[in-house]
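Next comes model.csv, with CSV, C-alpha atoms and all ligand atoms.
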```csv
chain,number,residue,atom,x,y,z
R,36,MET,CA,302.3,-58.8,-141.3
R,37,ALA,CA,302.1,-62.3,-139.8
R,38,ALA,CA,298.4,-62.4,-140.4
R,39,LYS,CA,299.0,-62.2,-144.1
R,40,THR,CA,301.2,-65.4,-144.2
R,41,PRO,CA,299.1,-68.0,-146.0
R,42,LEU,CA,298.3,-71.2,-144.0
R,43,LEU,CA,298.9,-73.4,-147.0
R,44,LYS,CA,300.8,-72.3,-150.1
R,45,ALA,CA,301.6,-74.1,-153.3
R,46,GLU,CA,304.3,-72.2,-155.2
R,47,ASN,CA,304.8,-73.0,-158.9
R,48,VAL,CA,304.0,-76.6,-158.1
R,49,GLY,CA,304.0,-79.2,-160.8
R,50,ILE,CA,304.4,-82.9,-161.6
R,51,GLN,CA,305.1,-84.9,-164.7
R,52,PHE,CA,304.2,-88.5,-165.4
R,53,GLY,CA,306.3,-89.7,-168.2
R,54,GLY,CA,305.6,-87.3,-171.0
R,55,LEU,CA,302.4,-85.9,-169.4
R,56,LYS,CA,302.6,-82.7,-167.4
R,57,ALA,CA,299.6,-83.4,-165.2
R,58,LEU,CA,300.1,-80.1,-163.3
R,59,SER,CA,302.5,-77.2,-163.9
R,60,GLY,CA,303.3,-73.9,-162.3
R,61,ALA,CA,300.4,-74.1,-159.9
R,62,THR,CA,300.4,-71.3,-157.3
R,63,MET,CA,297.7,-71.2,-154.7
R,64,GLU,CA,297.3,-69.6,-151.3
R,65,LEU,CA,294.9,-70.6,-148.6
R,66,HIS,CA,294.4,-68.3,-145.6
R,67,GLN,CA,293.3,-69.3,-142.2
R,68,GLY,CA,289.5,-69.9,-142.1
R,69,GLU,CA,288.9,-69.7,-145.9
R,70,LEU,CA,286.6,-72.0,-147.8
R,71,ILE,CA,288.0,-72.2,-151.3
R,72,GLY,CA,286.7,-74.1,-154.3
R,73,LEU,CA,288.9,-75.9,-156.8
R,74,ILE,CA,287.1,-76.6,-160.0
R,75,GLY,CA,287.9,-77.7,-163.6
R,76,PRO,CA,286.9,-80.1,-166.3
R,77,ASN,CA,287.6,-83.9,-166.1
R,78,GLY,CA,291.3,-84.6,-166.1
R,79,ALA,CA,292.3,-81.0,-165.3
R,80,GLY,CA,294.6,-82.0,-162.5
R,81,LYS,CA,292.4,-81.3,-159.4
R,82,THR,CA,293.1,-84.7,-157.7
R,83,THR,CA,296.7,-84.5,-158.7
R,84,LEU,CA,297.0,-81.2,-156.8
R,85,PHE,CA,295.4,-82.8,-153.7
R,86,ASN,CA,297.9,-85.7,-154.1
R,87,LEU,CA,300.8,-83.2,-154.1
R,88,LEU,CA,299.5,-81.3,-151.1
R,89,THR,CA,299.1,-84.5,-149.1
R,90,GLY,CA,302.4,-86.1,-150.0
R,91,VAL,CA,301.0,-88.9,-152.2
R,92,TYR,CA,303.1,-87.5,-155.0
R,93,VAL,CA,306.3,-85.5,-154.6
R,94,PRO,CA,306.3,-82.4,-156.9
R,95,THR,CA,308.8,-82.4,-159.7
R,96,GLU,CA,308.7,-78.6,-159.5
R,97,GLY,CA,307.9,-76.0,-156.9
R,98,ARG,CA,307.3,-75.9,-153.2
R,99,ILE,CA,304.4,-76.7,-150.8
R,100,MET,CA,304.3,-74.9,-147.5
R,101,LEU,CA,302.2,-75.2,-144.4
R,102,GLY,CA,302.5,-72.2,-142.1
R,103,GLY,CA,305.8,-71.4,-143.7
R,104,GLU,CA,307.2,-74.9,-143.3
R,105,THR,CA,308.1,-76.7,-146.5
R,106,LEU,CA,306.3,-80.1,-146.9
R,107,ASN,CA,308.0,-81.4,-150.1
R,108,GLY,CA,309.1,-85.0,-149.7
R,109,LEU,CA,307.3,-85.7,-146.4
R,110,PRO,CA,305.3,-88.9,-146.4
R,111,PRO,CA,301.5,-88.6,-146.2
R,112,TYR,CA,301.2,-89.7,-142.6
R,113,LYS,CA,303.6,-86.9,-141.5
R,114,ILE,CA,301.7,-84.4,-143.5
R,115,THR,CA,298.5,-85.5,-141.8
R,116,ARG,CA,300.1,-85.0,-138.4
R,117,LYS,CA,301.2,-81.6,-139.4
R,118,GLY,CA,297.6,-80.7,-140.1
R,119,ILE,CA,296.4,-81.6,-143.6
R,120,SER,CA,293.6,-84.1,-143.8
R,121,ARG,CA,291.6,-85.2,-146.9
R,122,THR,CA,288.8,-87.2,-148.3
R,123,PHE,CA,288.9,-89.2,-151.5
R,124,GLN,CA,286.9,-89.2,-154.6
R,125,ASN,CA,286.3,-92.9,-154.2
R,126,ILE,CA,285.2,-93.4,-150.6
R,127,ARG,CA,287.9,-95.1,-148.4
R,128,LEU,CA,286.4,-96.6,-145.2
R,129,PHE,CA,287.0,-99.7,-143.2
R,130,GLY,CA,283.8,-101.4,-144.5
R,131,GLU,CA,283.9,-104.2,-141.9
R,132,LEU,CA,284.3,-101.9,-138.9
R,133,SER,CA,281.5,-100.1,-137.2
R,134,VAL,CA,280.9,-96.5,-137.9
R,135,LEU,CA,282.1,-95.6,-134.5
R,136,ASP,CA,285.3,-97.6,-134.9
R,137,ASN,CA,286.0,-96.0,-138.2
R,138,VAL,CA,286.2,-92.6,-136.5
R,139,LYS,CA,288.1,-94.0,-133.5
R,140,VAL,CA,290.8,-95.4,-135.7
R,141,ALA,CA,291.2,-92.1,-137.4
R,142,TYR,CA,291.3,-90.3,-134.0
R,143,HIS,CA,293.8,-92.9,-132.7
R,144,ALA,CA,296.3,-91.9,-135.3
R,145,HIS,CA,296.4,-88.5,-133.6
R,146,ALA,CA,295.8,-89.4,-129.9
R,147,ARG,CA,298.7,-88.9,-127.5
R,148,HIS,CA,298.4,-91.7,-125.0
R,149,SER,CA,301.5,-93.8,-125.0
R,150,MET,CA,302.1,-97.3,-126.4
R,151,LEU,CA,303.2,-98.5,-122.9
R,152,SER,CA,300.0,-97.3,-121.2
R,153,SER,CA,298.1,-99.2,-123.9
R,154,ILE,CA,300.1,-102.4,-123.6
R,155,PHE,CA,299.9,-102.5,-119.8
R,156,ARG,CA,296.4,-101.2,-119.7
R,157,LEU,CA,297.3,-98.4,-117.3
R,158,PRO,CA,294.6,-96.0,-116.0
R,159,SER,CA,295.8,-93.4,-118.5
R,160,HIS,CA,295.0,-96.0,-121.3
R,161,PHE,CA,291.4,-96.2,-120.2
R,162,ARG,CA,291.2,-92.4,-119.9
R,163,GLY,CA,292.6,-92.2,-123.4
R,164,GLU,CA,290.1,-94.7,-124.7
R,165,GLN,CA,287.2,-93.0,-123.0
R,166,GLU,CA,288.2,-89.6,-124.3
R,167,MET,CA,288.6,-91.1,-127.8
R,168,GLU,CA,285.1,-92.6,-127.7
R,169,GLU,CA,283.6,-89.3,-126.4
R,170,LYS,CA,285.3,-87.4,-129.2
R,171,ALA,CA,284.3,-89.9,-131.8
R,172,ILE,CA,280.6,-89.7,-130.7
R,173,GLU,CA,280.8,-85.9,-130.8
R,174,PHE,CA,281.9,-86.1,-134.5
R,175,LEU,CA,279.2,-88.6,-135.3
R,176,ASN,CA,276.6,-86.3,-133.7
R,177,ILE,CA,277.7,-83.4,-135.9
R,178,PHE,CA,277.4,-85.6,-139.0
R,179,GLN,CA,274.1,-87.1,-137.9
R,180,LEU,CA,275.6,-90.6,-137.8
R,181,ASP,CA,275.2,-91.3,-134.0
R,182,SER,CA,272.0,-93.4,-134.6
R,183,VAL,CA,274.0,-95.8,-136.9
R,184,LYS,CA,277.2,-95.8,-134.9
R,185,HIS,CA,277.2,-99.6,-134.4
R,186,GLU,CA,276.4,-100.4,-138.1
R,187,LYS,CA,279.2,-101.7,-140.3
R,188,ALA,CA,280.4,-98.8,-142.5
R,189,LYS,CA,279.8,-100.9,-145.7
R,190,ASN,CA,276.1,-101.2,-144.9
R,191,LEU,CA,275.5,-97.4,-144.8
R,192,PRO,CA,273.7,-95.7,-147.6
R,193,TYR,CA,276.1,-93.8,-149.9
R,194,GLY,CA,275.3,-90.3,-148.6
R,195,GLN,CA,276.1,-91.4,-145.0
R,196,GLN,CA,279.3,-93.1,-146.1
R,197,ARG,CA,280.4,-89.8,-147.7
R,198,ARG,CA,279.6,-88.0,-144.4
R,199,LEU,CA,281.5,-90.6,-142.4
R,200,GLU,CA,284.5,-90.0,-144.6
R,201,ILE,CA,284.5,-86.4,-143.7
R,202,ALA,CA,284.0,-87.2,-140.0
R,203,ARG,CA,287.1,-89.5,-140.2
R,204,ALA,CA,289.2,-86.8,-141.8
R,205,LEU,CA,288.2,-84.3,-139.1
R,206,ALA,CA,289.0,-86.8,-136.3
R,207,ALA,CA,292.7,-86.3,-137.3
R,208,GLN,CA,292.2,-82.7,-136.1
R,209,PRO,CA,293.4,-81.0,-139.2
R,210,LYS,CA,294.1,-77.3,-139.7
R,211,VAL,CA,293.4,-77.7,-143.4
R,212,LEU,CA,290.7,-80.1,-144.8
R,213,LEU,CA,290.8,-81.1,-148.5
R,214,LEU,CA,287.5,-82.5,-149.8
R,215,ASP,CA,287.7,-84.3,-153.2
R,216,GLU,CA,284.2,-84.2,-154.7
R,217,PRO,CA,282.4,-84.9,-151.5
R,218,ALA,CA,279.0,-84.7,-153.2
R,219,ALA,CA,279.8,-87.2,-156.0
R,220,GLY,CA,277.0,-89.7,-156.4
R,221,MET,CA,274.6,-87.8,-154.1
R,222,ASN,CA,271.2,-86.6,-155.1
R,223,PRO,CA,270.4,-82.9,-155.2
R,224,GLN,CA,268.8,-82.7,-151.8
R,225,GLU,CA,271.7,-84.6,-150.1
R,226,THR,CA,274.2,-82.4,-152.0
R,227,LYS,CA,272.5,-79.2,-150.7
R,228,GLU,CA,272.6,-80.5,-147.2
R,229,LEU,CA,276.2,-81.5,-147.5
R,230,MET,CA,277.2,-78.1,-148.7
R,231,LYS,CA,275.5,-76.6,-145.7
R,232,LEU,CA,277.3,-79.0,-143.4
R,233,ILE,CA,280.6,-78.1,-145.0
R,234,ALA,CA,280.0,-74.4,-144.4
R,235,PHE,CA,279.0,-75.3,-140.8
R,236,ILE,CA,282.1,-77.4,-139.9
R,237,ARG,CA,284.4,-74.7,-141.3
R,238,GLU,CA,283.0,-72.3,-138.7
R,239,TRP,CA,282.6,-74.9,-135.9
R,240,PHE,CA,286.2,-76.3,-136.2
R,241,ALA,CA,287.7,-73.0,-137.4
R,242,LEU,CA,289.0,-74.9,-140.4
R,243,THR,CA,290.5,-73.9,-143.7
R,244,ILE,CA,288.9,-76.0,-146.5
R,245,LEU,CA,289.7,-76.6,-150.1
R,246,LEU,CA,286.9,-78.2,-151.9
R,247,ILE,CA,287.1,-79.9,-155.3
R,248,GLU,CA,283.9,-79.8,-157.1
R,249,HIS,CA,283.2,-80.3,-160.8
R,250,ASP,CA,280.0,-78.3,-160.8
R,251,MET,CA,280.6,-74.6,-160.3
R,252,SER,CA,277.0,-73.9,-159.2
R,253,LEU,CA,277.5,-76.1,-156.1
R,254,VAL,CA,280.5,-74.1,-154.8
R,255,MET,CA,279.1,-70.7,-155.8
R,256,GLY,CA,277.0,-70.5,-152.6
R,257,ILE,CA,279.6,-71.4,-150.0
R,258,CYS,CA,283.1,-70.6,-151.3
R,259,GLU,CA,284.7,-67.1,-151.0
R,260,ARG,CA,287.2,-67.8,-153.7
R,261,ILE,CA,287.6,-70.3,-156.5
R,262,TYR,CA,290.6,-71.6,-158.3
R,263,VAL,CA,290.1,-73.1,-161.8
R,264,LEU,CA,292.3,-75.7,-163.3
R,265,ASP,CA,292.4,-76.7,-167.0
R,266,HIS,CA,294.8,-79.1,-168.7
R,267,GLY,CA,297.2,-79.0,-165.6
R,268,GLN,CA,297.3,-75.1,-165.4
R,269,LEU,CA,295.5,-72.8,-163.0
R,270,ILE,CA,293.7,-70.6,-165.5
R,271,ALA,CA,291.7,-68.4,-163.1
R,272,GLU,CA,291.2,-67.4,-159.5
R,273,GLY,CA,288.7,-65.1,-157.9
R,274,THR,CA,285.2,-64.7,-156.4
R,275,PRO,CA,282.6,-67.0,-157.8
R,276,GLU,CA,281.2,-64.1,-159.9
R,277,GLN,CA,284.6,-63.2,-161.3
R,278,VAL,CA,285.4,-66.8,-162.2
R,279,ARG,CA,282.0,-67.4,-163.7
R,280,SER,CA,282.3,-64.6,-166.1
R,281,ASN,CA,286.0,-65.2,-167.0
R,282,PRO,CA,286.3,-66.0,-170.7
R,283,LYS,CA,289.1,-68.6,-170.1
R,284,VAL,CA,286.8,-70.5,-167.7
R,285,ILE,CA,283.9,-70.3,-170.1
R,286,GLU,CA,286.1,-71.7,-172.8
R,287,ALA,CA,287.4,-74.5,-170.6
R,288,TYR,CA,283.9,-75.5,-169.7
R,289,LEU,CA,282.6,-75.1,-173.3
R,290,GLY,CA,280.1,-77.8,-173.9
R,291,GLU,CA,279.6,-78.2,-170.2
R,292,GLU,CA,277.1,-76.5,-167.9
R,293,VAL,CA,278.9,-73.5,-166.3
R,294,SER,CA,276.2,-72.3,-164.0
M,1,LIG,N1,299.7,-91.6,-161.3
M,1,LIG,C1,299.5,-91.1,-162.5
M,1,LIG,N2,300.2,-91.6,-163.6
M,1,LIG,C2,299.9,-91.1,-164.8
M,1,LIG,N3,299.0,-90.1,-165.1
M,1,LIG,C3,298.3,-89.6,-164.1
M,1,LIG,C4,298.5,-90.1,-162.7
M,1,LIG,N4,297.7,-89.4,-161.9
M,1,LIG,C5,297.0,-88.5,-162.7
M,1,LIG,N5,297.4,-88.7,-164.0
M,1,LIG,C6,296.9,-87.9,-165.1
M,1,LIG,O1,296.9,-86.6,-164.8
M,1,LIG,C7,295.8,-85.9,-165.4
M,1,LIG,C8,295.0,-85.2,-164.3
M,1,LIG,O2,294.3,-86.1,-163.5
M,1,LIG,P1,293.5,-85.8,-162.3
M,1,LIG,O3,292.9,-87.0,-161.7
M,1,LIG,O4,294.3,-84.9,-161.4
M,1,LIG,O5,292.3,-84.9,-162.9
M,1,LIG,P2,291.0,-84.3,-162.2
M,1,LIG,O6,290.9,-82.9,-162.5
M,1,LIG,O7,291.0,-84.7,-160.7
M,1,LIG,O8,289.9,-85.1,-163.0
M,1,LIG,P3,288.4,-85.6,-162.5
M,1,LIG,O9,287.5,-84.4,-162.4
M,1,LIG,O10,288.0,-86.5,-163.7
M,1,LIG,O11,288.6,-86.4,-161.3
M,1,LIG,C9,295.0,-86.9,-166.1
M,1,LIG,O12,295.4,-86.9,-167.5
M,1,LIG,C10,295.4,-88.2,-165.5
M,1,LIG,O13,295.3,-89.3,-166.3
```

Kindly transcribe the structure held in the file into structure tokens.
Amino acid sequence: MAAKTPLLKAENVGIQFGGLKALSGATMELHQGELIGLIGPNGAGKTTLFNLLTGVYVPTEGRIMLGGETLNGLPPYKITRKGISRTFQNIRLFGELSVLDNVKVAYHAHARHSMLSSIFRLPSHFRGEQEMEEKAIEFLNIFQLDSVKHEKAKNLPYGQQRRLEIARALAAQPKVLLLDEPAAGMNPQETKELMKLIAFIREWFALTILLIEHDMSLVMGICERIYVLDHGQLIAEGTPEQVRSNPKVIEAYLGEEVS
């Protein structure tokens, strides 16, 4: 029975901004190891759902649970510590810091060596530092960023900045990774490679991933299941094939490319 408990669950979740119901009655379950797509037209509520899952917004209705523990009302940093990391639609990096330091800072937020050992530069501090550097370089290798590790993040080409953002999110050692349009602004070749990389890191880190993507064809190849949002409501859920042929989804995407 325990195996059936979802890792992350949103139960009738919603939020209202003034008169606007940006999201309402959203119920979603992510199970350990799944790679799930979240799609929908512009303004459907996709990022709002991410903001609710990560504590940026507090739901005005419903419950969010991670492994059975309710997250409602916890601040974002506590939710990150509990195991939910995310990337943003608009890249958020420390532009003036090196690529390596960007990952180390993210790793630091999670590292366990104590403040006292850092202040007094005790041997455990240096072991912690070394371990952090090794871990950070490991992440950079996976994302093919090791050759640019001393570059300032702001000087990287766009595609590399996007990959660095994912490396940073992973450095927090999440159970669940939320990716908000990770391929936005990438060319088709970069996008294809990124999708492969996402499928790879899911396996490598035994992650559960929720991926926002505007273009259904991009998620078709790698996601087992897809949730579809439209006007703040989840209108469909199923395999890519089920979702693609769902009349509500076709209607929501009317005038847009569905496949
Ligand atoms: N803080 C806020 N205050 C007021 N309205 C908001 C706020 N955040 C989101 N909204 C509104 O909620 C709705 C859903 O926005 P959201 O950004 O979640 O959509 P989205 O599906 O991610 O869209 P896109 O694909 O364009 O990124 C929009 O109408 C948006 O203007």

Q: Select the residues contacting ligand LIG 1 (chain M) at a distance of at most 9 Å, based on all atoms listed in the file, then format the selection as a ChimeraX atom specification.
A: /R:50-53,55-58,74-86,92,124,215-216,247-249,264-267

**Q.** Å distance separating atom CA of Ala234 of chain R from atom CA of Gln268 of chain R, one decimal place
**A.** 27.2 Å

Report as JSON lines the residues of segment 202-287 of chain R within 10 Å of segment 172-177 of chain R, each with its shortest atom pair and distance in Å (one decimal), using only C-alpha atoms, ordered by chain and increasing residue number.
```
{"residue": "R:Ala202", "atom": "CA", "partner": "R:Phe174", "partner_atom": "CA", "distance": 6.0}
{"residue": "R:Arg203", "atom": "CA", "partner": "R:Phe174", "partner_atom": "CA", "distance": 8.4}
{"residue": "R:Leu205", "atom": "CA", "partner": "R:Phe174", "partner_atom": "CA", "distance": 8.0}
{"residue": "R:Ala206", "atom": "CA", "partner": "R:Phe174", "partner_atom": "CA", "distance": 7.4}
{"residue": "R:Leu232", "atom": "CA", "partner": "R:Ile177", "partner_atom": "CA", "distance": 8.7}
{"residue": "R:Phe235", "atom": "CA", "partner": "R:Ile177", "partner_atom": "CA", "distance": 9.6}
{"residue": "R:Ile236", "atom": "CA", "partner": "R:Ile177", "partner_atom": "CA", "distance": 8.4}
{"residue": "R:Trp239", "atom": "CA", "partner": "R:Ile177", "partner_atom": "CA", "distance": 9.8}
```

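Nearest to Lys187 of chain R of all the residues R:Ile285, R:Ile244, R:Val134, R:Ile270 is R:Val134, based on only C-alpha atoms.
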
(Q) Given the point (283.3, -92.0, -154.8) in the file's coordinates, find the residues that have an atom at most 8 Å from it, counting all atoms listed in the file, and give them as an MDAnalysis selection string. (A) chainID R and resid 123:126 197 216:217 219:220

Q: Compute the distance from (290.5, -73.4, -157.9) to each atom, counting all atoms listed in the file, keep the residues with any atom at most 8 Å away, and return them as number ranges by chain; use the coordinates of the file.
A: R: 71-75, 247, 260-264, 269, 271-272

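Nearest-residue note for Asn190 of chain R: choosing from R:Val91, R:Ile114, R:Leu128, R:Leu214, the minimum distance belongs to R:Leu128, counting only C-alpha atoms.
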
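Take atom CA of Val278 of chain R and atom CA of Leu213 of chain R: the distance between them is 20.5 Å.
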
Please write segment 238-255 of chain R of the preceding block to a file containing C-alpha atoms, as a PDB file, in the first residue's frame?
```pdb
ATOM      1  CA  GLU R 238      17.323   8.197 -14.084  1.00  0.00           C
ATOM      2  CA  TRP R 239      20.727   9.208 -12.732  1.00  0.00           C
ATOM      3  CA  PHE R 240      19.445  11.033  -9.656  1.00  0.00           C
ATOM      4  CA  ALA R 241      16.314   8.866  -9.219  1.00  0.00           C
ATOM      5  CA  LEU R 242      14.321  12.088  -9.418  1.00  0.00           C
ATOM      6  CA  THR R 243      10.663  12.862  -9.803  1.00  0.00           C
ATOM      7  CA  ILE R 244      10.254  15.656 -12.335  1.00  0.00           C
ATOM      8  CA  LEU R 245       7.408  17.979 -13.254  1.00  0.00           C
ATOM      9  CA  LEU R 246       8.110  19.809 -16.474  1.00  0.00           C
ATOM     10  CA  ILE R 247       6.210  22.832 -17.725  1.00  0.00           C
ATOM     11  CA  GLU R 248       6.284  23.056 -21.448  1.00  0.00           C
ATOM     12  CA  HIS R 249       4.115  25.076 -23.746  1.00  0.00           C
ATOM     13  CA  ASP R 250       4.734  22.840 -26.741  1.00  0.00           C
ATOM     14  CA  MET R 251       3.160  19.393 -26.375  1.00  0.00           C
ATOM     15  CA  SER R 252       5.354  17.796 -29.014  1.00  0.00           C
ATOM     16  CA  LEU R 253       8.420  18.462 -26.861  1.00  0.00           C
ATOM     17  CA  VAL R 254       7.082  16.567 -23.854  1.00  0.00           C
ATOM     18  CA  MET R 255       5.522  13.753 -25.879  1.00  0.00           C
TER      19      MET R 255
END
```
